[in-house]
Amino acid sequence: MRIDRALNIAELRRQAARRLPKAVFDYIEGGAEDEIGIDENINAFARRKLLPKFFTPCADINLTTELFGKSYATPFGIAPTGLAGLFRPGGDLMLADAALAENIPYVMSGTCNAAIEDLSQDAARNAWYQLYTGRDKKIDEDIVRRAADAGIETLVLTVDSEVRTKRERDLRNGFSGAGLKPLPLLEALRHPAWLTSYLLTGGRPRFGNFAPYAADPSDVVSVWNFMIGHIPGNPEWEDLDRFRRIWKGKLVVKGILHPDDAVRCVESGADGIIVSNHGGRQLDRAPASVDIFPFVRAAVDGRAKVMLDSGVRRGSDIATALCLGADFVFVGRATLYGLAAGGVPGIRRAVAILRQELETVGRHIGCGCVSDFGSGHLMPSFVVPAG
Ligand SMILES: Cc1cc2nc3c(=O)[nH]c(=O)nc-3n(C[C@H](O)[C@H](O)[C@H](O)COP(=O)(O)O)c2cc1C
């Protein structure tokens, strides 16, 4: 399997599908109910047209992007994705290390397999931490303290996952975060490289961040039982205010789609919002992030950073988001395909593909640096929110 032969994210996806058992690949790939939302995320980007612009030669494109006082190499980073250790042992740390090497942000998932303390000092300084609020506020606050102690400067609260969603692929496959059931394991015989690593690492993913709170921290089942009893915590607005009080770094709220919620986040002191429908994994009939984005951005009115994820598979998707005014973009599945297909080199390949495509699009539309991307480069009908 040659990572460097992958021309685009779709080819990395095919490589990932070959390496992973069906039940595991389905977990990455799948979404809620009919998976209309997943297609919609992709199609909503494809519907938007970028306008070529001539006589503005851009030999060197500078994608350097300033965000929250840091200078990143590109205007996109790696979204939080749980269970990365199941796709490849040490997956979370590979994502963190690849992000550090590429100088892009990596958001450590609230349901990752590694522990915050497993991150190297440099990787932690580059990482953001994503929290799913849980039932025990003291434990949430302790996790947040551990993130701060590790040197993490940005906390992301994901708010769209309080409802346990109906992901029919997972239900059909009998898939749960606790590991693979016997039947999916049989199918895994056709993916020996993955199966060997799965069995060598104990056969069940560990949720490192929750180990200190479990009845038996050394027992993966005990940690799993604790975690599923703790989250979700059904947060209220007061909880956001509470996190604003205790978290001294940058605070970002992820999963916002309603402009009114965005305004409330800003009023609570959030520094940023990630407009996201969780990659189509939560509410199947939610709007594509890119469709609702202009309304959220207008409501926030420059008072916080407005970022976006869900459906990004091409550099042109990132260009479109930037033209709509996104301050930053995140990718979920794109870098997971890279991780599954080829570990750190695979993740870096995914980042390089997106970066090169974005540079090419920038040249087409006459944008030499990130601040050049703007509404003037999009088909006008998509620039102004209707109504
Ligand atoms: C396998 C997988 C696991 C995910 N786990 C989390 C998570 O733990 N926390 C979170 O906030 N979002 C999670 N997400 C959502 C991503 O952060 C992101 O919103 C989404 O993947 C973006 O859509 P895309 O995959 O089309 O890029 C997950 C997504 C996937 C595909």
# chains A, B, ... in the order shown; residues from 1 in each chain; ligands from 1
>>> closest_atom_pairs(of="region 68-160 of chain A", to="region 170-188 of chain A", cutoff="10 Å", atoms="only C-alpha atoms", output="JSON lines")
{"residue": "A:Gly82", "atom": "CA", "partner": "A:Gly177", "partner_atom": "CA", "distance": 9.0}
{"residue": "A:Leu83", "atom": "CA", "partner": "A:Gly177", "partner_atom": "CA", "distance": 7.0}
{"residue": "A:Leu86", "atom": "CA", "partner": "A:Gly179", "partner_atom": "CA", "distance": 8.2}
{"residue": "A:Thr111", "atom": "CA", "partner": "A:Gly177", "partner_atom": "CA", "distance": 9.4}
>>> select_by_dssp(residues="region 231-363 of chain A", states="helix (DSSP H, G or I)", output="MDAnalysis selection string")
chainID A and resid 237:246 259:267 278:280 289:300 315:323 333:363
>>> residues_around(residues="Lys70 (chain A)", least_positions_apart="3", cutoff="10 Å", atoms="only C-alpha atoms", output="PyMOL selection string")
chain A and resi 65-67+73+103-105+126
>>> residues_near_ligand(ligand="ligand 1", cutoff="9 Å", atoms="only C-alpha atoms and all ligand atoms", output="PyMOL selection string")
chain A and resi 25-31+38+41-42+78-84+107-112+130-132+156-161+254-255+274-281+308-313+330-336
>>> residues_around(residues="Phe87 (chain A)", least_positions_apart="4", cutoff="8 Å", atoms="only C-alpha atoms", output="JSON, numbers by chain")
{"A": [20, 24, 83, 91, 194, 339, 340]}
>>> write_last_selection(atoms="N, CA and C atoms", output="mmCIF file, in the first residue's frame")
data_model
loop_
_atom_site.group_PDB
_atom_site.id
_atom_site.type_symbol
_atom_site.label_atom_id
_atom_site.label_comp_id
_atom_site.auth_asym_id
_atom_site.auth_seq_id
_atom_site.Cartn_x
_atom_site.Cartn_y
_atom_site.Cartn_z
ATOM 1 N N LEU A 20 -8.944 -1.738 6.941
ATOM 2 C CA LEU A 20 -9.775 -1.889 8.137
ATOM 3 C C LEU A 20 -10.870 -2.931 7.944
ATOM 4 N N VAL A 24 -15.205 -1.507 11.433
ATOM 5 C CA VAL A 24 -14.407 -0.359 11.885
ATOM 6 C C VAL A 24 -14.465 0.753 10.842
ATOM 7 N N LEU A 83 -11.862 7.282 19.317
ATOM 8 C CA LEU A 83 -11.531 5.892 18.951
ATOM 9 C C LEU A 83 -10.438 5.746 17.907
ATOM 10 N N GLY A 91 -3.194 5.767 17.540
ATOM 11 C CA GLY A 91 -3.716 6.694 16.516
ATOM 12 C C GLY A 91 -3.807 8.141 16.967
ATOM 13 N N TRP A 194 -4.397 -5.246 10.209
ATOM 14 C CA TRP A 194 -5.156 -4.572 11.268
ATOM 15 C C TRP A 194 -5.395 -5.530 12.424
ATOM 16 N N LEU A 339 -4.668 8.259 8.491
ATOM 17 C CA LEU A 339 -4.192 7.508 9.659
ATOM 18 C C LEU A 339 -4.367 6.007 9.433
ATOM 19 N N ALA A 340 -5.574 5.608 9.027
ATOM 20 C CA ALA A 340 -5.849 4.177 8.861
ATOM 21 C C ALA A 340 -4.976 3.595 7.754
#
>>> atom_distance(atom1="CA of Phe295 (chain A)", atom2="CA of Glu33 (chain A)")
26.1 Å
>>> closest_atom_pairs(of="region 294-336 of chain A", to="region 260-273 of chain A", cutoff="8 Å", atoms="only C-alpha atoms", output="JSON lines")
{"residue": "A:Val296", "atom": "CA", "partner": "A:Ala262", "partner_atom": "CA", "distance": 6.5}
{"residue": "A:Ala299", "atom": "CA", "partner": "A:Val263", "partner_atom": "CA", "distance": 6.3}
{"residue": "A:Val300", "atom": "CA", "partner": "A:Val263", "partner_atom": "CA", "distance": 5.8}
{"residue": "A:Arg303", "atom": "CA", "partner": "A:Val266", "partner_atom": "CA", "distance": 6.8}
{"residue": "A:Ala304", "atom": "CA", "partner": "A:Gly272", "partner_atom": "CA", "distance": 5.0}
{"residue": "A:Lys305", "atom": "CA", "partner": "A:Gly272", "partner_atom": "CA", "distance": 4.3}
{"residue": "A:Val306", "atom": "CA", "partner": "A:Ile273", "partner_atom": "CA", "distance": 5.1}
{"residue": "A:Met307", "atom": "CA", "partner": "A:Ile273", "partner_atom": "CA", "distance": 5.9}
>>> residues_around(residues="Gly37 (chain A)", least_positions_apart="2", cutoff="6 Å", atoms="only C-alpha atoms", output="CSV table (one decimal) with C-alpha atoms, in the first residue's frame")
chain,number,residue,atom,x,y,z
A,35,GLU,CA,-27.0,9.4,6.0
A,39,ASP,CA,-24.1,13.4,1.2
A,40,GLU,CA,-25.5,16.9,1.8
A,280,GLY,CA,-23.5,14.1,9.5
A,284,ASP,CA,-29.4,13.5,9.8
>>> residues_around(residues="Ile246 (chain A)", least_positions_apart="4", cutoff="9 Å", atoms="only C-alpha atoms", output="list of chain:residue names")
A:Glu141, A:Val144, A:Arg145, A:Asp241, A:Arg242
>>> select_by_dssp(residues="region 58-228 of chain A", states="strand (DSSP E)", output="ChimeraX atom specification")
/A:65-67,70-72,76-78,106-108,127-131,154-158
>>> residues_around(residues="region 229-239 of chain A", least_positions_apart="5", cutoff="7 Å", atoms="only C-alpha atoms", output="list in words")
Tyr132, Thr133, Gly134, Arg135, Asp136 and Glu162 of chain A
